[in-house]
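Shown below: start37.csv, with CSV, C-alpha atoms.
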```csv
chain,number,residue,atom,x,y,z
W,63,MET,CA,96.1,246.1,118.0
W,64,ARG,CA,93.9,246.4,115.0
W,65,ILE,CA,90.1,246.1,115.5
W,66,ALA,CA,90.0,243.3,113.0
W,67,ASP,CA,92.2,241.2,115.3
W,68,ARG,CA,89.9,242.0,118.3
W,69,VAL,CA,86.5,241.1,116.8
W,70,LEU,CA,85.2,238.2,118.9
W,71,TYR,CA,81.8,237.8,117.1
W,72,GLU,CA,80.1,239.4,114.2
W,73,ASP,CA,76.9,238.9,112.2
W,74,ASN,CA,74.4,241.3,110.5
W,75,HIS,CA,73.1,242.5,113.8
W,76,LEU,CA,75.9,242.5,116.4
W,77,ILE,CA,79.7,243.0,116.6
W,78,ILE,CA,81.4,242.1,119.8
W,79,VAL,CA,84.9,243.4,120.4
W,80,ASN,CA,87.7,242.9,123.0
W,81,LYS,CA,88.4,246.3,124.5
W,82,LEU,CA,91.8,247.4,125.7
W,83,PRO,CA,92.4,249.0,129.0
W,84,GLY,CA,92.0,252.8,128.7
W,85,GLU,CA,89.7,252.8,125.7
W,86,LEU,CA,86.4,254.6,125.8
W,87,VAL,CA,83.3,252.6,124.9
W,88,GLN,CA,81.6,255.8,123.8
W,89,GLY,CA,82.3,259.5,123.8
W,90,ASP,CA,82.5,261.5,127.0
W,91,GLU,CA,83.6,265.0,128.1
W,92,THR,CA,87.2,264.3,127.3
W,93,GLY,CA,86.5,264.2,123.6
W,94,ASP,CA,89.0,261.4,123.2
W,95,ARG,CA,88.6,259.0,120.3
W,96,THR,CA,86.5,256.0,121.2
W,97,LEU,CA,86.4,252.3,120.5
W,98,ALA,CA,83.0,252.9,118.9
W,99,ASP,CA,84.8,255.3,116.4
W,100,ASP,CA,87.3,252.6,115.6
W,101,VAL,CA,84.6,250.0,115.1
W,102,LYS,CA,82.7,252.3,112.8
W,103,ALA,CA,85.8,252.9,110.8
W,104,TYR,CA,86.4,249.1,110.6
W,105,LEU,CA,82.9,248.4,109.4
W,106,LYS,CA,83.0,251.3,106.9
W,107,GLU,CA,86.2,249.9,105.3
W,108,LYS,CA,85.3,246.2,105.5
W,109,TYR,CA,81.9,246.6,103.8
W,110,ASN,CA,82.8,249.7,101.7
W,111,LYS,CA,79.9,251.6,103.2
W,112,PRO,CA,79.1,255.1,102.0
W,113,GLY,CA,78.1,257.8,104.5
W,114,ASN,CA,77.8,257.3,108.2
W,115,VAL,CA,77.9,253.8,109.8
W,116,TYR,CA,75.2,253.0,112.4
W,117,LEU,CA,76.5,251.6,115.7
W,118,GLY,CA,74.3,251.2,118.7
W,119,ILE,CA,75.7,250.9,122.3
W,120,PRO,CA,73.5,248.7,124.6
W,121,HIS,CA,75.9,248.7,127.6
W,122,ARG,CA,79.0,250.2,129.0
W,123,LEU,CA,82.4,249.1,130.3
W,124,ASP,CA,84.5,251.4,132.5
W,125,ARG,CA,87.4,253.1,130.7
W,126,PRO,CA,90.2,251.3,132.7
W,127,THR,CA,88.5,247.9,132.3
W,128,SER,CA,89.3,245.5,129.5
W,129,GLY,CA,87.3,242.8,127.8
W,130,ILE,CA,84.0,242.2,126.0
W,131,VAL,CA,81.9,245.1,124.6
W,132,VAL,CA,78.8,244.4,122.6
W,133,TYR,CA,77.8,246.8,119.8
W,134,CYS,CA,74.7,246.7,117.7
W,135,LYS,CA,74.7,247.2,113.9
W,136,THR,CA,70.9,247.8,113.6
W,137,ASP,CA,68.4,249.8,115.6
W,138,LYS,CA,66.2,246.7,116.1
W,139,ALA,CA,69.1,244.8,117.6
W,140,LEU,CA,69.9,247.8,119.9
W,141,SER,CA,66.4,248.0,121.4
W,142,ARG,CA,66.3,244.3,122.1
W,143,MET,CA,69.9,244.0,123.3
W,144,THR,CA,69.4,247.0,125.7
W,145,GLN,CA,66.4,245.2,127.2
W,146,LEU,CA,68.5,242.0,127.7
W,147,PHE,CA,71.1,243.9,129.6
W,148,ARG,CA,68.5,245.8,131.6
W,149,THR,CA,66.7,242.6,132.7
W,150,SER,CA,70.0,240.8,133.5
W,151,ASP,CA,69.4,238.3,130.7
W,152,VAL,CA,73.0,238.6,129.7
W,153,LYS,CA,75.3,236.4,131.8
W,154,LYS,CA,78.5,238.3,132.5
W,155,THR,CA,81.7,236.8,134.0
W,156,TYR,CA,84.8,238.9,134.9
W,157,TRP,CA,88.4,238.1,135.8
W,158,ALA,CA,90.1,240.3,138.4
W,159,ILE,CA,93.7,240.3,139.6
W,160,VAL,CA,93.6,241.4,143.3
W,161,ASP,CA,96.1,242.1,146.1
W,162,LYS,CA,94.4,240.0,148.7
W,163,ALA,CA,92.6,236.6,148.6
W,164,PRO,CA,89.1,236.5,150.1
W,165,GLU,CA,88.7,234.5,153.4
W,166,ASN,CA,86.7,231.9,151.5
W,167,LYS,CA,87.8,230.5,148.1
W,168,GLU,CA,84.4,231.0,146.8
W,169,GLY,CA,81.2,232.7,147.9
W,170,GLU,CA,78.6,235.4,147.3
W,171,LEU,CA,78.8,239.1,148.1
W,172,VAL,CA,75.7,241.1,148.8
W,173,HIS,CA,75.9,244.8,149.5
W,174,TYR,CA,74.0,248.0,148.9
W,175,ILE,CA,75.7,250.3,146.6
W,176,THR,CA,75.5,254.1,146.8
W,177,ARG,CA,76.8,256.1,143.8
W,178,ASN,CA,78.4,259.5,144.2
W,179,ALA,CA,78.1,261.2,140.8
W,180,ALA,CA,80.4,264.1,141.8
W,181,SER,CA,83.3,261.8,142.4
W,182,ASN,CA,82.2,259.1,139.9
W,183,LYS,CA,82.7,256.5,142.6
W,184,SER,CA,80.4,254.0,144.4
W,185,VAL,CA,80.5,252.8,148.0
W,186,ALA,CA,79.3,249.3,149.0
W,187,SER,CA,77.8,248.9,152.5
W,188,SER,CA,76.2,246.0,154.3
W,189,LYS,CA,73.1,248.0,155.2
W,190,GLU,CA,70.6,249.8,152.9
W,191,ARG,CA,71.0,253.6,152.6
W,192,LYS,CA,69.0,256.3,151.0
W,193,GLY,CA,69.5,256.1,147.3
W,194,SER,CA,71.4,252.8,147.5
W,195,LYS,CA,70.8,249.7,145.2
W,196,LEU,CA,71.1,246.1,146.0
W,197,ALA,CA,74.3,244.5,144.5
W,198,LYS,CA,75.1,240.8,144.2
W,199,LEU,CA,78.0,238.9,142.8
W,200,SER,CA,79.5,235.5,143.3
W,201,TYR,CA,83.3,234.7,143.1
W,202,ARG,CA,85.8,232.0,143.2
W,203,LEU,CA,89.6,232.0,143.5
W,204,LEU,CA,91.2,230.6,140.4
W,205,ALA,CA,94.9,231.0,141.0
W,206,SER,CA,97.5,232.8,143.1
W,207,SER,CA,101.1,234.1,142.6
W,208,ASP,CA,103.4,235.4,145.3
W,209,ASN,CA,101.7,238.8,145.5
W,210,TYR,CA,98.5,238.6,143.6
W,211,HIS,CA,95.3,236.4,143.2
W,212,LEU,CA,93.0,235.8,140.2
W,213,LEU,CA,89.3,235.9,140.9
W,214,GLU,CA,86.5,234.8,138.6
W,215,ILE,CA,83.4,236.9,139.2
W,216,ASP,CA,79.8,236.3,138.1
W,217,LEU,CA,77.7,239.5,138.2
W,218,HIS,CA,74.1,239.0,139.3
W,219,THR,CA,73.3,242.8,139.2
W,220,GLY,CA,74.7,245.6,137.1
W,221,ARG,CA,75.6,248.5,139.4
W,222,HIS,CA,78.0,251.4,138.9
W,223,HIS,CA,81.6,250.2,139.6
W,224,GLN,CA,80.0,247.2,141.3
W,225,ILE,CA,82.9,244.7,141.4
W,226,ARG,CA,85.4,247.5,142.3
W,227,ALA,CA,83.3,248.8,145.2
W,228,GLN,CA,82.2,245.4,146.6
W,229,LEU,CA,85.8,244.1,146.7
W,230,ALA,CA,87.0,247.4,148.2
W,231,ALA,CA,84.4,246.9,151.0
W,232,LEU,CA,86.3,243.7,151.9
W,233,GLY,CA,89.7,245.4,151.8
W,234,ILE,CA,90.5,243.7,148.5
W,235,HIS,CA,91.8,245.9,145.7
W,236,ILE,CA,92.1,245.3,142.0
W,237,LYS,CA,95.6,245.8,140.7
W,238,GLY,CA,96.0,249.3,139.4
W,239,ASP,CA,92.7,250.6,140.7
W,240,LEU,CA,93.9,253.8,142.6
W,241,LYS,CA,90.3,255.0,142.9
W,242,TYR,CA,89.3,252.1,145.0
W,243,GLY,CA,92.4,251.8,147.1
W,244,ALA,CA,95.2,250.1,145.1
W,245,GLN,CA,98.7,251.3,146.1
W,246,ARG,CA,100.1,251.7,142.5
W,247,SER,CA,98.8,252.4,139.1
W,248,ASN,CA,99.4,250.1,136.1
W,249,PRO,CA,101.8,251.3,133.3
W,250,ASP,CA,98.9,251.4,130.8
W,251,GLY,CA,96.7,253.4,133.1
W,252,GLY,CA,94.1,250.6,133.2
W,253,ILE,CA,93.1,248.2,136.0
W,254,CYS,CA,93.3,244.4,136.1
W,255,LEU,CA,89.6,243.9,135.7
W,256,HIS,CA,88.6,242.0,132.5
W,257,ALA,CA,85.2,241.2,131.1
W,258,ARG,CA,86.0,237.6,130.3
W,259,HIS,CA,82.8,236.0,129.1
W,260,VAL,CA,79.2,236.8,128.1
W,261,SER,CA,76.3,234.6,127.0
W,262,PHE,CA,72.8,235.5,125.9
W,263,ILE,CA,70.1,234.6,123.5
W,264,HIS,CA,70.6,236.4,120.2
W,265,PRO,CA,68.0,239.2,120.0
W,266,ILE,CA,67.1,238.4,116.4
W,267,LYS,CA,68.2,234.8,115.7
W,268,LYS,CA,67.1,233.5,119.1
W,269,GLU,CA,70.2,231.3,119.2
W,270,GLU,CA,72.6,231.2,122.2
W,271,VAL,CA,75.7,233.4,121.8
W,272,SER,CA,78.7,232.6,124.0
W,273,VAL,CA,81.8,234.7,123.7
W,274,LEU,CA,85.2,234.5,125.5
W,275,ALA,CA,87.8,237.3,125.5
W,276,PRO,CA,91.5,236.7,126.1
W,277,PRO,CA,92.9,239.1,128.7
W,278,PRO,CA,95.6,241.7,127.8
W,279,HIS,CA,99.1,240.5,127.1
W,280,THR,CA,101.0,241.7,130.2
W,281,PRO,CA,103.5,239.6,132.3
W,282,LEU,CA,101.0,239.1,135.1
W,283,TRP,CA,98.0,238.3,133.0
W,284,ASP,CA,100.1,235.9,131.0
W,285,TYR,CA,101.3,234.3,134.2
W,286,PHE,CA,97.8,233.5,135.4
W,287,VAL,CA,96.7,232.3,131.9
W,288,SER,CA,99.6,229.9,131.9
W,289,ALA,CA,98.9,228.8,135.4
W,290,LEU,CA,95.3,227.9,134.5
W,291,GLU,CA,96.4,226.1,131.3
W,292,GLY,CA,99.2,224.3,133.0
```
Give the structure from the file, written as structure tokens.
Amino acid sequence: MRIADRVLYEDNHLIIVNKLPGELVQGDETGDRTLADDVKAYLKEKYNKPGNVYLGIPHRLDRPTSGIVVYCKTDKALSRMTQLFRTSDVKKTYWAIVDKAPENKEGELVHYITRNAASNKSVASSKERKGSKLAKLSYRLLASSDNYHLLEIDLHTGRHHQIRAQLAALGIHIKGDLKYGAQRSNPDGGICLHARHVSFIHPIKKEEVSVLAPPPHTPLWDYFVSALEG
């Protein structure tokens, strides 16, 4: 899908894009082409810009995850937007398709997350450990199919692989997430975790920005979207 069809918001300072599963937000050791590369190419063509296009990256989204990515078109916007993410002044809501429903239809999860850099994985535990960080999220069950369940998750902290690790601690696995215990991978190599909604006060205009991203078009995502609309 073209970048032009995935732009959710754009002004002189920000461009917000709907990331596909498997896309890299920024370059890593793989050297694979990134979403940032494609956004730069889009901006260069749209505005007929000579030379290099500036694009700042104030936050990350895991490669297998889909949904909202905020990029900055100016250095001023980047410094301020990075601060908003750091101080949790960006409200983030995710959708996750999981293999097991939580015991309660809604609630809050509080864990301590320890990151293992060597395995690029995090473990959530109920007790504080050396090097661990407090992690909080709230969730509610939105819909269920015969084999899967759709959760809406509000992040209250921004830890490494937080949602994936906290759900795994309860024996709940995101569809396709082999790293955290799912039985099978997804055909596209992604996982069914989607950055659904963000809201924040614009770093320059000081107006509220609220952006919603449709999930990928797969039979299961389409089923849950239809169930909610129906």
Pick out the closest residue to Gly251 in chain W from this set: W:Asp239, W:Arg64, W:His264, W:Val185. Count only C-alpha atoms.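 Among the listed residues, the smallest separation from Gly251 in chain W belongs to W:Asp239.
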I'd like the neighbourhood of range 191-205 of chain W as a ChimeraX atom specification, where a residue qualifies if any of its atoms comes within 6 Å (using all atoms listed in the file), though same-chain residues fewer than 6 positions away should be ignored. /W:167-176,211-219
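Nearest residue to Leu146 in chain W, choosing from W:Leu86, W:Val260, W:Met63, W:Val115 and counting all atoms listed in the file: W:Val260.
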If you count only C-alpha atoms, the residue of W:Leu82, W:Ile225, W:Ile65, W:Val160 closest to His279 in chain W turns out to be W:Leu82
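Take the candidates W:Leu290, W:Ala227, W:Ala257, W:Ala66 and check each one against Ile130 in chain W using only C-alpha atoms; the shortest distance goes to W:Ala257.
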Of the candidates W:Gln88, W:Asn209, W:Ser184, W:Asn178, which shows the shortest atom-to-atom distance to Asp100 in chain W, using all atoms listed in the file? W:Gln88
Of the listed residues W:Ser288, W:Gln224, W:Gln245, W:Asn74, that which approaches Lys135 in chain W most closely, counting all atoms listed in the file: W:Asn74
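In this model, the gap between CA of Gly113 in chain W and CA of Asp94 in chain W comes to 21.9 Å.
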Give me the residues near His256 in chain W as a ChimeraX atom specification, where near means some atom within 9 Å (using only C-alpha atoms) and where sequence neighbours in that chain fewer than 4 positions away do not count. /W:83,127-130,155-159,275-278
Please indicate the distance in Å from CA of Lys108 in chain W to CA of Glu72 in chain W, rounded to one decimal place.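 It comes out at 12.2 Å.
Rounded to one decimal, CA of Lys237 in chain W and CA of Asp161 in chain W lie 6.6 Å from each other.
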Any idea what's packed within 9 Å of Thr136 in chain W, counting all atoms listed in the file, ignoring anything in its chain fewer than 6 positions away? Could you give it as a list in words? Asn74, His75, Leu76, Tyr116, Leu117 and Gly118 of chain W
Could you name the residues that touch Asn182 in chain W at 12 Å or less, counting all atoms listed in the file, but leaving out those on the same chain fewer than 6 positions away, as a list in words? Asp124, Thr176, His222, His223, Ala227, Lys241 and Tyr242 of chain W
